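Pasted below: run-v6.cif, mmCIF, C-alpha atoms.
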```cif
data_coords
#
loop_
_atom_site.label_atom_id
_atom_site.label_comp_id
_atom_site.auth_asym_id
_atom_site.auth_seq_id
_atom_site.Cartn_x
_atom_site.Cartn_y
_atom_site.Cartn_z
CA TYR A 217 4.94 21.74 7.06
CA PHE A 218 3.78 20.61 10.50
CA ARG A 219 4.72 23.37 12.96
CA LEU A 220 6.55 22.05 16.02
CA PHE A 221 7.82 24.41 18.73
CA VAL A 222 10.92 23.00 20.43
CA SER A 223 11.35 24.17 24.03
CA HIS A 224 14.93 23.64 25.17
CA LEU A 225 17.84 25.04 27.15
CA SER A 226 20.24 27.28 25.23
CA SER A 227 23.17 25.13 26.37
CA TYR A 228 21.90 22.33 24.10
CA LYS A 229 21.41 24.46 21.01
CA LYS A 230 23.78 22.58 18.67
CA LYS A 231 21.96 19.27 19.11
CA ILE A 232 18.59 21.01 18.79
CA ALA A 233 19.68 22.64 15.52
CA ALA A 234 20.59 19.16 14.21
CA LEU A 235 17.19 17.86 15.32
CA GLN A 236 15.52 20.72 13.48
CA THR A 237 17.21 19.63 10.24
CA ALA A 238 16.39 15.95 10.80
CA LEU A 239 12.69 16.68 11.35
CA LEU A 240 12.38 18.25 7.89
CA GLU A 241 12.69 14.71 6.53
CA TYR A 242 9.16 14.06 7.82
CA GLY A 243 7.57 17.34 6.81
CA VAL A 244 8.02 18.88 10.25
CA SER A 245 9.20 22.49 10.56
CA ALA A 246 10.65 22.96 14.03
CA PHE A 247 10.70 26.45 15.55
CA VAL A 248 14.02 26.76 17.37
CA ALA A 249 14.52 30.21 18.88
CA HIS A 250 18.30 30.60 18.48
CA VAL A 251 18.13 29.56 14.82
CA ASP A 252 14.85 31.06 13.65
CA ILE A 253 14.95 34.53 15.22
CA GLU A 254 16.86 37.18 13.32
CA PRO A 255 18.95 39.58 15.44
CA THR A 256 17.02 42.57 14.12
CA ARG A 257 13.66 41.25 15.28
CA GLU A 258 12.05 41.62 18.65
CA TRP A 259 13.01 38.38 20.36
CA GLN A 260 10.02 37.97 22.64
CA ASP A 261 7.53 38.81 19.87
CA GLU A 262 8.95 36.06 17.67
CA ILE A 263 8.77 33.55 20.52
CA GLU A 264 5.11 34.44 21.05
CA LEU A 265 4.40 34.14 17.33
CA GLY A 266 5.97 30.69 17.26
CA LEU A 267 3.92 29.61 20.26
CA ALA A 268 0.69 31.00 18.83
CA SER A 269 1.13 29.21 15.49
CA MET A 270 2.49 25.84 16.67
CA ASP A 271 0.67 22.57 16.00
CA ALA A 272 2.48 20.85 18.88
CA LEU A 273 5.36 21.42 21.31
CA ALA A 274 8.35 19.23 22.08
CA ALA A 275 10.01 19.82 25.45
CA VAL A 276 13.62 18.60 25.69
CA LEU A 277 13.77 17.61 29.35
CA MET A 278 17.24 17.77 30.84
CA PRO A 279 18.68 18.99 34.17
CA GLY A 280 17.95 22.71 34.49
CA PHE A 281 14.76 22.64 32.42
CA LYS A 282 12.49 23.11 35.44
CA GLU A 283 14.54 26.05 36.67
CA SER A 284 14.30 27.99 33.41
CA ASN A 285 11.57 30.62 33.37
CA TRP A 286 11.43 30.60 29.57
CA THR A 287 10.90 26.86 29.10
CA ASP A 288 8.37 26.86 31.92
CA GLN A 289 6.35 29.61 30.22
CA GLU A 290 6.58 27.92 26.81
CA VAL A 291 5.16 24.68 28.19
CA GLY A 292 2.48 26.66 30.05
CA TYR A 293 1.50 28.36 26.78
CA ALA A 294 1.12 24.96 25.09
CA LEU A 295 -0.99 23.70 28.00
CA GLY A 296 -3.21 26.76 27.74
CA ARG A 297 -3.75 26.24 24.02
CA GLY A 298 -4.40 22.54 24.48
CA VAL A 299 -1.88 21.39 21.87
CA LEU A 300 0.01 18.12 22.11
CA ILE A 301 3.17 18.22 24.25
CA ILE A 302 5.93 15.69 23.57
CA PRO A 303 8.41 15.28 26.44
CA ILE A 304 11.81 14.33 24.99
CA ILE A 305 13.50 12.78 28.00
CA ARG A 306 17.21 13.61 28.18
CA GLY A 307 18.13 13.06 31.81
CA LEU A 308 14.95 14.51 33.35
CA ASN A 309 11.58 12.78 33.73
CA PRO A 310 8.31 14.55 32.85
CA HIS A 311 7.01 16.61 35.75
CA GLY A 312 3.90 18.53 36.69
CA PHE A 313 1.17 18.77 34.09
CA ILE A 314 3.32 17.36 31.28
CA GLY A 315 3.69 14.10 33.18
CA LYS A 316 0.49 12.82 31.54
CA TYR A 317 1.92 13.04 28.01
CA GLN A 318 3.66 10.23 26.16
CA GLY A 319 7.38 10.81 26.43
CA PHE A 320 10.27 9.71 24.25
CA HIS A 321 13.52 8.54 25.86
CA ALA A 322 16.38 10.18 23.96
CA ASP A 323 19.32 8.98 26.08
CA GLY A 324 21.66 6.85 23.98
CA LYS A 325 19.83 7.62 20.73
CA SER A 326 21.04 9.51 17.67
CA VAL A 327 19.49 12.74 16.41
CA ALA A 328 17.91 10.80 13.54
CA GLN A 329 16.35 8.30 15.96
CA VAL A 330 14.92 11.10 18.09
CA ALA A 331 13.45 12.79 15.01
CA HIS A 332 11.83 9.52 13.97
CA GLY A 333 10.47 9.00 17.48
CA VAL A 334 8.89 12.45 17.50
CA PHE A 335 7.38 11.79 14.07
CA ARG A 336 5.89 8.48 15.25
CA ILE A 337 4.20 10.24 18.17
CA LEU A 338 2.82 12.98 15.91
CA VAL A 339 1.48 10.51 13.36
CA THR A 340 -0.21 8.28 15.95
CA SER A 341 -1.65 10.87 18.36
CA PRO A 342 -5.33 11.57 17.54
CA GLY A 343 -4.95 15.34 17.87
CA THR A 344 -2.05 15.62 15.40
CA ARG A 345 -2.38 12.58 13.10
CA ASN A 346 -4.41 14.16 10.28
CA ARG A 347 -2.32 17.34 10.21
CA MET A 348 0.92 15.31 10.25
CA LEU A 349 -0.25 13.03 7.43
CA LYS A 350 -1.28 16.01 5.31
CA CYS A 351 2.12 17.65 5.81
CA LEU A 352 4.04 14.43 5.10
CA ILE A 353 2.15 13.94 1.82
CA ALA A 354 2.83 17.56 0.78
CA ALA A 355 6.52 17.30 1.72
CA THR A 356 6.86 14.03 -0.21
CA ALA A 357 5.33 15.55 -3.33
CA ASN A 358 7.66 18.54 -3.04
CA SER A 359 10.86 16.56 -2.41
CA GLY A 360 13.92 18.28 -3.83
CA ASP A 361 15.53 15.18 -5.33
CA GLU A 362 14.96 11.50 -5.99
CA ASP A 363 16.74 10.24 -2.87
CA GLU A 364 14.69 12.50 -0.61
CA ALA A 365 11.48 11.42 -2.34
CA VAL A 366 12.33 7.72 -1.89
CA ARG A 367 13.07 8.22 1.81
CA ARG A 368 9.82 10.10 2.39
CA LEU A 369 7.85 7.46 0.48
CA GLY A 370 9.38 4.98 2.89
CA HIS A 371 7.92 6.96 5.79
CA VAL A 372 4.52 6.99 4.08
CA GLU A 373 4.76 3.25 3.48
CA GLY A 374 5.51 2.59 7.15
CA ILE A 375 2.36 4.29 8.46
CA GLU A 376 -0.21 1.86 9.80
CA ALA A 377 -3.81 2.13 8.58
CA MET A 378 -2.92 4.89 6.14
CA PRO A 379 -6.21 6.42 4.91
CA THR A 380 -6.76 5.85 1.19
CA ALA A 381 -7.64 9.51 0.67
CA TYR A 382 -4.08 10.58 1.48
CA LEU A 383 -2.59 8.05 -0.94
CA GLU A 384 -4.96 9.24 -3.66
CA GLN A 385 -3.87 12.80 -2.97
CA LEU A 386 -0.23 11.76 -3.25
CA SER A 387 -1.01 10.01 -6.54
CA ASN A 388 -2.59 13.16 -7.94
CA LEU A 389 0.30 15.36 -6.77
CA ALA A 390 2.82 12.94 -8.29
CA ARG A 391 1.53 13.63 -11.78
CA THR A 392 2.93 17.16 -11.65
CA SER A 393 5.94 16.42 -9.46
CA THR A 394 9.35 16.39 -11.13
CA THR A 395 10.71 13.93 -8.55
CA LEU A 396 7.80 11.53 -8.03
CA SER A 397 6.86 11.09 -11.69
CA ARG A 398 9.97 9.23 -12.78
CA GLY A 399 12.83 6.91 -11.78
CA ARG A 400 13.14 5.08 -8.45
CA ALA A 401 10.65 7.41 -6.78
CA LEU A 402 7.94 6.54 -9.31
CA GLU A 403 8.69 2.82 -8.95
CA LYS A 404 8.40 3.01 -5.16
CA LEU A 405 5.23 5.10 -5.34
CA ASN A 406 3.57 2.72 -7.78
CA ALA A 407 4.51 -0.29 -5.66
CA LEU A 408 2.89 1.42 -2.68
CA LEU A 409 -0.25 2.34 -4.63
CA GLN A 410 -0.54 -1.13 -6.13
CA SER A 411 -0.24 -2.76 -2.68
CA ARG A 412 -3.25 -0.72 -1.55
CA GLY A 413 -5.31 -1.55 -4.65
CA LEU A 414 -4.96 1.91 -6.21
CA SER A 415 -4.17 2.90 -9.79
CA MET A 416 -0.52 3.44 -10.63
CA VAL A 417 0.93 6.72 -11.90
CA THR A 418 2.12 6.88 -15.50
CA ASN A 419 5.58 8.29 -16.16
CA ALA A 420 5.27 11.99 -16.99
CA SER A 421 7.48 11.58 -20.05
CA ASP A 422 5.37 8.81 -21.61
CA GLY A 423 3.94 9.89 -24.94
CA PHE A 424 5.80 13.21 -24.92
CA GLU A 425 8.36 14.04 -27.53
CA ALA A 426 10.63 17.00 -26.94
CA ASN A 427 10.78 19.53 -29.78
CA ASP A 428 12.84 22.68 -29.35
CA ASP A 429 11.43 24.09 -32.61
CA LEU A 430 7.85 23.95 -31.41
CA PRO A 431 6.31 27.49 -31.34
CA PHE A 432 5.72 28.70 -27.78
#
```
Output the file's structure in the form of structure tokens.
Amino acid sequence: YFRLFVSHLSSYKKKIAALQTALLEYGVSAFVAHVDIEPTREWQDEIELGLASMDALAAVLMPGFKESNWTDQEVGYALGRGVLIIPIIRGLNPHGFIGKYQGFHADGKSVAQVAHGVFRILVTSPGTRNRMLKCLIAATANSGDEDEAVRRLGHVEGIEAMPTAYLEQLSNLARTSTTLSRGRALEKLNALLQSRGLSMVTNASDGFEANDDLPF
């Protein structure tokens, strides 16, 4: 998964937890302190671990964000590491050093729309594009059910100038995937591959006859 640290005020934790779930749809694992840190662990150590391992940081900008010492330090850590910062504007415009980054206006949008907006930034920004594509392909191949696989294939399909190498990787992974190798997911995958001039994937069950009496 793509590792995204979400810097936010604790007063907004319910919406942030919902955003964390929505981002999984795109192969993004969001580090959210109040959800991800177990009570028995050293709180500050876990925060530092999340910051040290993040691929990018999303800052949920709302009144009070600038006054928080924690959010200020989290953004400063991201600046120091040189990772992408995504300002999610929720009543407060980007300020200081983060003013140069592409922001996403979240006012009036649903959690799902914000998650999609963050994904679009990650998949189009030069510093995160390759990592995000790799994680999306892996997440798609490891989808838990057919519906999830079809949705993720839709995200893959919607990416502009998708490198052929990633589609070939997805094709190879599909041959051993229980969700991509059959049904609607296989149909959608093959339609995508065919539209890009690539070979289609054969159904995993083709040519296989089940036999419970076969010696193991």
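Comparing the minimum interatomic distances between A:Gly343 and each of A:Val299, A:Ser393, A:His224, A:Leu414, counting only C-alpha atoms, we find that A:Val299 sits nearest.
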Evaluate the PyMOL selection byres ((chain A and resi 362-374) around 7) and record the selected residues as a ChimeraX atom specification, following the chain and residue labels used in the document.
/A:241-242,356,359-361,375-376,395-396,401,404-405,408
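Between A:Gln236 and the residues A:Pro379, A:Leu300, A:Thr394, A:Phe221, the shortest atom-to-atom distance, using all atoms listed in the file, involves A:Phe221.
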Residues near A:His332, cut-off 12 Å, all atoms listed in the file, skip fewer than 3 positions along chain, as a PDB file with C-alpha atoms, in the frame of the given file:
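Final output, saved to result.pdb:
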```pdb
ATOM      1  CA  LEU A 235      17.190  17.860  15.320  1.00  0.00           C
ATOM      2  CA  GLN A 236      15.520  20.720  13.480  1.00  0.00           C
ATOM      3  CA  ALA A 238      16.390  15.950  10.800  1.00  0.00           C
ATOM      4  CA  LEU A 239      12.690  16.680  11.350  1.00  0.00           C
ATOM      5  CA  LEU A 240      12.380  18.250   7.890  1.00  0.00           C
ATOM      6  CA  GLU A 241      12.690  14.710   6.530  1.00  0.00           C
ATOM      7  CA  TYR A 242       9.160  14.060   7.820  1.00  0.00           C
ATOM      8  CA  GLY A 243       7.570  17.340   6.810  1.00  0.00           C
ATOM      9  CA  VAL A 244       8.020  18.880  10.250  1.00  0.00           C
ATOM     10  CA  PHE A 320      10.270   9.710  24.250  1.00  0.00           C
ATOM     11  CA  ALA A 322      16.380  10.180  23.960  1.00  0.00           C
ATOM     12  CA  LYS A 325      19.830   7.620  20.730  1.00  0.00           C
ATOM     13  CA  SER A 326      21.040   9.510  17.670  1.00  0.00           C
ATOM     14  CA  VAL A 327      19.490  12.740  16.410  1.00  0.00           C
ATOM     15  CA  ALA A 328      17.910  10.800  13.540  1.00  0.00           C
ATOM     16  CA  GLN A 329      16.350   8.300  15.960  1.00  0.00           C
ATOM     17  CA  PHE A 335       7.380  11.790  14.070  1.00  0.00           C
ATOM     18  CA  ARG A 336       5.890   8.480  15.250  1.00  0.00           C
ATOM     19  CA  ILE A 337       4.200  10.240  18.170  1.00  0.00           C
ATOM     20  CA  LEU A 338       2.820  12.980  15.910  1.00  0.00           C
ATOM     21  CA  VAL A 339       1.480  10.510  13.360  1.00  0.00           C
ATOM     22  CA  ARG A 368       9.820  10.100   2.390  1.00  0.00           C
ATOM     23  CA  HIS A 371       7.920   6.960   5.790  1.00  0.00           C
ATOM     24  CA  GLY A 374       5.510   2.590   7.150  1.00  0.00           C
TER      25      GLY A 374
END
```
At a cut-off of 9 Å, using all atoms listed in the file, what residues contact A:Lys350? Leave out same-chain residues fewer than 5 positions from it and give the result as a VMD selection string.
chain A and resid 217 to 218 345 355 382
Can those selected residues be exported to a file as a short mmCIF file (atom, residue, chain, number, x, y, z; two decimals), keeping the file's coordinate frame so that it contains C-alpha atoms?
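Wrote selection14.cif, looks like this:
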```cif
data_model
loop_
_atom_site.label_atom_id
_atom_site.label_comp_id
_atom_site.auth_asym_id
_atom_site.auth_seq_id
_atom_site.Cartn_x
_atom_site.Cartn_y
_atom_site.Cartn_z
CA TYR A 217 4.94 21.74 7.06
CA PHE A 218 3.78 20.61 10.50
CA ARG A 345 -2.38 12.58 13.10
CA ALA A 355 6.52 17.30 1.72
CA TYR A 382 -4.08 10.58 1.48
#
```
Hey, could you pull the box centre and edge lengths for stretch 274-285 of chain A, axis-aligned, 6 Å padding per side, all listed atoms, to one decimal in Å, as lines of an AutoDock Vina configuration file?
```
center_x = 13.5
center_y = 24.1
center_z = 29.4
size_x = 22.3
size_y = 25.0
size_z = 26.6
```
Set the distance at 10 Å and use all atoms listed in the file: which residues neighbour stretch 261-267 of chain A once local chain neighbours fewer than 5 positions away are removed? I'd like the list as a PyMOL selection string.
chain A and resi 219-223+246-249+252-254+272-273+286+290-291+293-294+297
Can you give me, as JSON, numbers by chain, the residues this file yields under the PyMOL selection byres ((chain A and resi 227) around 12)?
{"A": [224, 225, 226, 228, 229, 230, 231, 232, 233, 250, 276, 278, 279, 280, 281, 284]}
One decimal, Å: what's the distance from atom CA of A:Leu349 over to atom CA of A:Pro310, could you say?
26.9 Å
